[in-house]
$ cat data.json   # JSON, C-alpha atoms
[["chain", "number", "residue", "atom", "x", "y", "z"],
["D", 540, "MET", "CA", 36.92, -49.92, -5.20],
["D", 541, "LYS", "CA", 33.40, -48.72, -4.49],
["D", 542, "LYS", "CA", 31.90, -49.71, -1.15],
["D", 543, "PHE", "CA", 28.22, -50.38, -0.69],
["D", 544, "VAL", "CA", 26.41, -48.99, 2.34],
["D", 545, "VAL", "CA", 24.78, -51.79, 4.35],
["D", 546, "ARG", "CA", 21.56, -50.89, 6.14],
["D", 547, "PHE", "CA", 18.82, -52.84, 7.93],
["D", 548, "THR", "CA", 15.05, -52.80, 7.79],
["D", 549, "VAL", "CA", 13.20, -52.68, 11.11],
["D", 550, "GLU", "CA", 12.23, -56.32, 10.54],
["D", 551, "ALA", "CA", 15.86, -57.38, 10.05],
["D", 552, "GLU", "CA", 16.87, -55.58, 13.24],
["D", 553, "ALA", "CA", 14.10, -57.43, 15.08],
["D", 554, "ASP", "CA", 15.40, -60.72, 13.62],
["D", 555, "LEU", "CA", 18.89, -59.98, 14.94],
["D", 556, "LEU", "CA", 17.54, -59.25, 18.41],
["D", 557, "ARG", "CA", 15.43, -62.42, 18.37],
["D", 558, "LEU", "CA", 18.38, -64.58, 17.35],
["D", 559, "PHE", "CA", 20.72, -62.92, 19.84],
["D", 560, "ASP", "CA", 18.20, -63.21, 22.70],
["D", 561, "TYR", "CA", 17.70, -66.91, 21.95],
["D", 562, "LEU", "CA", 21.43, -67.59, 22.37],
["D", 563, "LEU", "CA", 21.81, -65.16, 25.25],
["D", 564, "GLU", "CA", 19.36, -67.22, 27.33],
["D", 565, "ARG", "CA", 21.46, -70.34, 26.76],
["D", 566, "ASP", "CA", 25.11, -69.28, 26.41],
["D", 567, "ILE", "CA", 26.43, -65.72, 26.66],
["D", 568, "GLY", "CA", 29.71, -66.67, 25.00],
["D", 569, "ALA", "CA", 27.92, -68.24, 22.03],
["D", 570, "ALA", "CA", 25.72, -65.15, 21.69],
["D", 571, "GLU", "CA", 28.79, -62.92, 21.53],
["D", 572, "GLN", "CA", 30.49, -65.20, 18.99],
["D", 573, "ALA", "CA", 27.35, -65.28, 16.84],
["D", 574, "GLU", "CA", 27.17, -61.50, 16.89],
["D", 575, "LEU", "CA", 30.79, -61.29, 15.71],
["D", 576, "ALA", "CA", 30.26, -63.93, 13.01],
["D", 577, "ILE", "CA", 27.24, -62.08, 11.63],
["D", 578, "ALA", "CA", 29.00, -58.70, 11.70],
["D", 579, "LYS", "CA", 32.09, -60.12, 9.97],
["D", 580, "ALA", "CA", 30.01, -61.82, 7.27],
["D", 581, "LEU", "CA", 28.03, -58.65, 6.59],
["D", 582, "GLU", "CA", 31.31, -56.85, 5.83],
["D", 583, "LEU", "CA", 31.45, -58.89, 2.62],
["D", 584, "LEU", "CA", 28.34, -57.09, 1.41],
["D", 585, "GLN", "CA", 30.16, -53.75, 1.46],
["D", 586, "ILE", "CA", 32.45, -54.94, -1.34],
["D", 587, "PHE", "CA", 31.01, -58.04, -3.03],
["D", 588, "PRO", "CA", 27.22, -58.24, -2.66],
["D", 589, "PHE", "CA", 26.85, -59.82, -6.11],
["D", 590, "SER", "CA", 28.99, -62.78, -5.01],
["D", 591, "CYS", "CA", 26.10, -64.10, -2.90],
["D", 592, "ARG", "CA", 23.51, -66.52, -4.22],
["D", 593, "LYS", "CA", 20.26, -65.34, -5.74],
["D", 594, "ALA", "CA", 17.30, -65.79, -3.42],
["D", 595, "ALA", "CA", 15.05, -68.76, -4.05],
["D", 596, "GLY", "CA", 11.64, -68.07, -5.50],
["D", 597, "GLY", "CA", 12.66, -65.35, -7.89],
["D", 598, "GLY", "CA", 13.06, -61.71, -7.05],
["D", 599, "GLY", "CA", 15.53, -61.03, -9.81],
["D", 600, "ALA", "CA", 19.27, -60.54, -9.76],
["D", 601, "PHE", "CA", 19.18, -58.01, -6.95],
["D", 602, "LEU", "CA", 17.47, -60.12, -4.25],
["D", 603, "ARG", "CA", 20.11, -62.36, -2.72],
["D", 604, "GLU", "CA", 21.06, -64.44, 0.31],
["D", 605, "LEU", "CA", 24.24, -64.44, 2.33],
["D", 606, "ILE", "CA", 25.13, -67.68, 4.12],
["D", 607, "ILE", "CA", 26.74, -66.97, 7.50],
["D", 608, "PRO", "CA", 28.54, -70.01, 8.96],
["D", 609, "PHE", "CA", 28.32, -70.46, 12.73],
["D", 610, "GLY", "CA", 28.80, -73.66, 14.66],
["D", 611, "ASN", "CA", 27.18, -76.70, 13.05],
["D", 612, "SER", "CA", 24.84, -74.57, 10.96],
["D", 613, "GLY", "CA", 24.61, -70.78, 10.83],
["D", 614, "TYR", "CA", 22.39, -68.01, 9.56],
["D", 615, "VAL", "CA", 20.98, -66.72, 6.28],
["D", 616, "ALA", "CA", 20.60, -63.02, 5.54],
["D", 617, "LEU", "CA", 18.13, -61.98, 2.85],
["D", 618, "PHE", "CA", 19.15, -58.71, 1.23],
["D", 619, "GLU", "CA", 18.51, -56.50, -1.75],
["D", 620, "ILE", "CA", 21.10, -54.62, -3.78],
["D", 621, "GLU", "CA", 19.66, -51.18, -4.51],
["D", 622, "ALA", "CA", 20.51, -48.21, -6.68],
["D", 623, "GLY", "CA", 22.80, -45.61, -5.20],
["D", 624, "GLY", "CA", 25.20, -48.13, -3.68],
["D", 625, "TYR", "CA", 22.95, -49.54, -0.95],
["D", 626, "VAL", "CA", 22.55, -53.08, 0.32],
["D", 627, "THR", "CA", 19.46, -53.45, 2.49],
["D", 628, "ILE", "CA", 19.22, -56.41, 4.85],
["D", 629, "LEU", "CA", 15.57, -57.48, 4.74],
["D", 630, "ALA", "CA", 15.61, -60.45, 7.12],
["D", 631, "ILE", "CA", 17.95, -62.80, 8.96],
["D", 632, "ARG", "CA", 17.11, -66.32, 10.07],
["D", 633, "HIS", "CA", 18.82, -69.36, 11.49],
["D", 634, "GLN", "CA", 19.53, -71.98, 8.80],
["D", 635, "ARG", "CA", 17.34, -74.50, 10.61],
["D", 636, "GLU", "CA", 14.30, -72.22, 10.53],
["D", 637, "ASP", "CA", 11.81, -72.92, 7.76],
["D", 638, "ASP", "CA", 11.55, -69.39, 6.45],
["D", 639, "TYR", "CA", 12.09, -65.75, 7.29],
["D", 640, "HIS", "CA", 9.85, -64.27, 9.98]]
$ encode --input "data.json" --output "structure tokens"
Amino acid sequence: MKKFVVRFTVEAEADLLRLFDYLLERDIGAAEQAELAIAKALELLQIFPFSCRKAAGGGGAFLRELIIPFGNSGYVALFEIEAGGYVTILAIRHQREDDYH
């Protein structure tokens, strides 16, 4: 089975830091658990990126969103499936945020 290579844009890395810092200020344990939940969910993209829902607003079949459960809500990762076996994480947000930053 072919594995996709998951990579991050600079913006997506900044999103991860922002989300982690938010939790870190409130609860170190929750921040660590969130980090693990996100990492575990992203493993799915190495094998089954097409199993995730298509992103709202168009973008074609290759722009998709991964729902990452955590606590009472969770996170949403916007990603693009690219030629050459790459999955690029474009942005990550908390489910209660209005949009990607």
$ atom_distance --input "data.json" --atom1 "CA of Gly610 (chain D)" --atom2 "CA of Glu636 (chain D)"
15.1 Å
$ residues_around --input "data.json" --residues "Glu571 (chain D)" --least-positions-apart "3" --cutoff "12 Å" --atoms "only C-alpha atoms" --output "list in words"
Leu558, Phe559, Asp560, Tyr561, Leu562, Leu563, Glu564, Arg565, Asp566, Ile567, Gly568, Glu574, Leu575, Ala576, Ile577, Ala578 and Phe609 of chain D
$ atom_distance --input "data.json" --atom1 "CA of Ile586 (chain D)" --atom2 "CA of Tyr625 (chain D)"
10.9 Å
$ closest_residue --input "data.json" --among "D:Asn611, D:Lys593, D:Val626, D:Ile606" --to "Lys542 (chain D)" --atoms "all atoms listed in the file"
D:Val626
$ atom_distance --input "data.json" --atom1 "CA of Ile620 (chain D)" --atom2 "CA of Lys541 (chain D)"
13.7 Å
$ residues_around --input "data.json" --residues "Phe587 (chain D)" --least-positions-apart "4" --cutoff "9 Å" --atoms "only C-alpha atoms" --output "ChimeraX atom specification"
/D:542-543,582-583,591
$ residues_around --input "data.json" --residues "Ala630 (chain D)" --least-positions-apart "2" --cutoff "9 Å" --atoms "only C-alpha atoms" --output "PDB file with C-alpha atoms, in the coordinates of the input"
ATOM      1  CA  PHE D 547      18.820 -52.840   7.930  1.00  0.00           C
ATOM      2  CA  THR D 548      15.050 -52.800   7.790  1.00  0.00           C
ATOM      3  CA  GLU D 550      12.230 -56.320  10.540  1.00  0.00           C
ATOM      4  CA  ALA D 551      15.860 -57.380  10.050  1.00  0.00           C
ATOM      5  CA  GLU D 552      16.870 -55.580  13.240  1.00  0.00           C
ATOM      6  CA  ALA D 553      14.100 -57.430  15.080  1.00  0.00           C
ATOM      7  CA  ASP D 554      15.400 -60.720  13.620  1.00  0.00           C
ATOM      8  CA  LEU D 555      18.890 -59.980  14.940  1.00  0.00           C
ATOM      9  CA  VAL D 615      20.980 -66.720   6.280  1.00  0.00           C
ATOM     10  CA  ALA D 616      20.600 -63.020   5.540  1.00  0.00           C
ATOM     11  CA  LEU D 617      18.130 -61.980   2.850  1.00  0.00           C
ATOM     12  CA  PHE D 618      19.150 -58.710   1.230  1.00  0.00           C
ATOM     13  CA  ILE D 628      19.220 -56.410   4.850  1.00  0.00           C
ATOM     14  CA  ARG D 632      17.110 -66.320  10.070  1.00  0.00           C
ATOM     15  CA  TYR D 639      12.090 -65.750   7.290  1.00  0.00           C
ATOM     16  CA  HIS D 640       9.850 -64.270   9.980  1.00  0.00           C
TER      17      HIS D 640
END
$ axis_aligned_box --input "data.json" --around "region 605-615 of chain D" --padding-each-side "6 Å" --output "lines of an AutoDock Vina configuration file"
center_x = 24.9
center_y = -70.6
center_z = 8.5
size_x = 19.8
size_y = 24.3
size_z = 24.3
$ closest_residue --input "data.json" --among "D:Met540, D:Ala573, D:Val545, D:Ala595" --to "Ser612 (chain D)" --atoms "only C-alpha atoms"
D:Ala573
$ closest_residue --input "data.json" --among "D:Gly598, D:Gly613, D:Pro588, D:Glu619" --to "Ala569 (chain D)" --atoms "all atoms listed in the file"
D:Gly613
$ closest_residue --input "data.json" --among "D:Ile607, D:Leu581, D:Val544, D:Ala594" --to "Glu621 (chain D)" --atoms "all atoms listed in the file"
D:Val544
$ decode --input "data.json" --residues "region 620-631 of chain D" --atoms "all heavy atoms" --output "PDB file, in the first residue's frame"
ATOM      1  N   ILE D 620      -4.367  17.215  -1.478  1.00  0.00           N
ATOM      2  CA  ILE D 620      -3.703  16.021  -1.975  1.00  0.00           C
ATOM      3  C   ILE D 620      -3.022  16.421  -3.284  1.00  0.00           C
ATOM      4  O   ILE D 620      -3.673  16.938  -4.191  1.00  0.00           O
ATOM      5  CB  ILE D 620      -4.710  14.882  -2.213  1.00  0.00           C
ATOM      6  CG1 ILE D 620      -5.480  14.596  -0.920  1.00  0.00           C
ATOM      7  CG2 ILE D 620      -3.993  13.637  -2.737  1.00  0.00           C
ATOM      8  CD1 ILE D 620      -6.699  13.735  -1.099  1.00  0.00           C
ATOM      9  N   GLU D 621      -1.710  16.207  -3.355  1.00  0.00           N
ATOM     10  CA  GLU D 621      -0.929  16.694  -4.485  1.00  0.00           C
ATOM     11  C   GLU D 621      -0.271  15.549  -5.238  1.00  0.00           C
ATOM     12  O   GLU D 621      -0.091  14.454  -4.704  1.00  0.00           O
ATOM     13  CB  GLU D 621       0.130  17.683  -4.002  1.00  0.00           C
ATOM     14  CG  GLU D 621      -0.477  18.891  -3.323  1.00  0.00           C
ATOM     15  CD  GLU D 621       0.556  19.841  -2.761  1.00  0.00           C
ATOM     16  OE1 GLU D 621       1.666  19.407  -2.426  1.00  0.00           O
ATOM     17  OE2 GLU D 621       0.238  21.026  -2.655  1.00  0.00           O
ATOM     18  N   ALA D 622       0.106  15.830  -6.453  1.00  0.00           N
ATOM     19  CA  ALA D 622       0.806  14.857  -7.281  1.00  0.00           C
ATOM     20  C   ALA D 622       2.106  14.437  -6.603  1.00  0.00           C
ATOM     21  O   ALA D 622       2.685  15.192  -5.824  1.00  0.00           O
ATOM     22  CB  ALA D 622       1.105  15.455  -8.659  1.00  0.00           C
ATOM     23  N   GLY D 623       2.547  13.250  -6.911  1.00  0.00           N
ATOM     24  CA  GLY D 623       3.807  12.772  -6.351  1.00  0.00           C
ATOM     25  C   GLY D 623       3.659  12.125  -4.992  1.00  0.00           C
ATOM     26  O   GLY D 623       4.651  11.820  -4.334  1.00  0.00           O
ATOM     27  N   GLY D 624       2.425  11.946  -4.527  1.00  0.00           N
ATOM     28  CA  GLY D 624       2.211  11.287  -3.245  1.00  0.00           C
ATOM     29  C   GLY D 624       2.342  12.176  -2.028  1.00  0.00           C
ATOM     30  O   GLY D 624       2.722  11.720  -0.965  1.00  0.00           O
ATOM     31  N   TYR D 625       2.016  13.461  -2.184  1.00  0.00           N
ATOM     32  CA  TYR D 625       2.112  14.407  -1.066  1.00  0.00           C
ATOM     33  C   TYR D 625       0.735  14.831  -0.580  1.00  0.00           C
ATOM     34  O   TYR D 625      -0.194  15.001  -1.378  1.00  0.00           O
ATOM     35  CB  TYR D 625       2.883  15.659  -1.477  1.00  0.00           C
ATOM     36  CG  TYR D 625       4.340  15.395  -1.726  1.00  0.00           C
ATOM     37  CD1 TYR D 625       4.819  15.231  -3.014  1.00  0.00           C
ATOM     38  CD2 TYR D 625       5.237  15.298  -0.665  1.00  0.00           C
ATOM     39  CE1 TYR D 625       6.163  14.974  -3.245  1.00  0.00           C
ATOM     40  CE2 TYR D 625       6.577  15.057  -0.887  1.00  0.00           C
ATOM     41  CZ  TYR D 625       7.036  14.888  -2.175  1.00  0.00           C
ATOM     42  OH  TYR D 625       8.354  14.630  -2.395  1.00  0.00           O
ATOM     43  N   VAL D 626       0.633  15.018   0.715  1.00  0.00           N
ATOM     44  CA  VAL D 626      -0.522  15.641   1.352  1.00  0.00           C
ATOM     45  C   VAL D 626       0.026  16.839   2.098  1.00  0.00           C
ATOM     46  O   VAL D 626       0.871  16.698   2.981  1.00  0.00           O
ATOM     47  CB  VAL D 626      -1.227  14.672   2.324  1.00  0.00           C
ATOM     48  CG1 VAL D 626      -2.281  15.401   3.134  1.00  0.00           C
ATOM     49  CG2 VAL D 626      -1.839  13.504   1.578  1.00  0.00           C
ATOM     50  N   THR D 627      -0.433  18.027   1.726  1.00  0.00           N
ATOM     51  CA  THR D 627       0.065  19.254   2.349  1.00  0.00           C
ATOM     52  C   THR D 627      -1.010  19.844   3.251  1.00  0.00           C
ATOM     53  O   THR D 627      -2.107  20.169   2.791  1.00  0.00           O
ATOM     54  CB  THR D 627       0.474  20.282   1.276  1.00  0.00           C
ATOM     55  OG1 THR D 627       1.477  19.689   0.443  1.00  0.00           O
ATOM     56  CG2 THR D 627       1.040  21.538   1.911  1.00  0.00           C
ATOM     57  N   ILE D 628      -0.684  19.955   4.535  1.00  0.00           N
ATOM     58  CA  ILE D 628      -1.580  20.578   5.503  1.00  0.00           C
ATOM     59  C   ILE D 628      -1.465  22.082   5.290  1.00  0.00           C
ATOM     60  O   ILE D 628      -0.386  22.658   5.409  1.00  0.00           O
ATOM     61  CB  ILE D 628      -1.194  20.221   6.953  1.00  0.00           C
ATOM     62  CG1 ILE D 628      -1.032  18.718   7.142  1.00  0.00           C
ATOM     63  CG2 ILE D 628      -2.200  20.819   7.929  1.00  0.00           C
ATOM     64  CD1 ILE D 628      -2.268  17.902   6.895  1.00  0.00           C
ATOM     65  N   LEU D 629      -2.589  22.713   4.961  1.00  0.00           N
ATOM     66  CA  LEU D 629      -2.608  24.147   4.661  1.00  0.00           C
ATOM     67  C   LEU D 629      -2.942  24.993   5.884  1.00  0.00           C
ATOM     68  O   LEU D 629      -2.442  26.108   6.026  1.00  0.00           O
ATOM     69  CB  LEU D 629      -3.617  24.430   3.548  1.00  0.00           C
ATOM     70  CG  LEU D 629      -3.406  23.642   2.246  1.00  0.00           C
ATOM     71  CD1 LEU D 629      -4.579  23.859   1.304  1.00  0.00           C
ATOM     72  CD2 LEU D 629      -2.098  24.039   1.604  1.00  0.00           C
ATOM     73  N   ALA D 630      -3.812  24.450   6.759  1.00  0.00           N
ATOM     74  CA  ALA D 630      -4.251  25.205   7.933  1.00  0.00           C
ATOM     75  C   ALA D 630      -4.902  24.242   8.920  1.00  0.00           C
ATOM     76  O   ALA D 630      -5.415  23.194   8.530  1.00  0.00           O
ATOM     77  CB  ALA D 630      -5.240  26.294   7.536  1.00  0.00           C
ATOM     78  N   ILE D 631      -4.883  24.623  10.186  1.00  0.00           N
ATOM     79  CA  ILE D 631      -5.561  23.860  11.228  1.00  0.00           C
ATOM     80  C   ILE D 631      -6.259  24.860  12.128  1.00  0.00           C
ATOM     81  O   ILE D 631      -5.687  25.890  12.491  1.00  0.00           O
ATOM     82  CB  ILE D 631      -4.588  23.001  12.045  1.00  0.00           C
ATOM     83  CG1 ILE D 631      -3.885  21.994  11.128  1.00  0.00           C
ATOM     84  CG2 ILE D 631      -5.321  22.279  13.171  1.00  0.00           C
ATOM     85  CD1 ILE D 631      -2.863  21.138  11.827  1.00  0.00           C
TER      86      ILE D 631
END
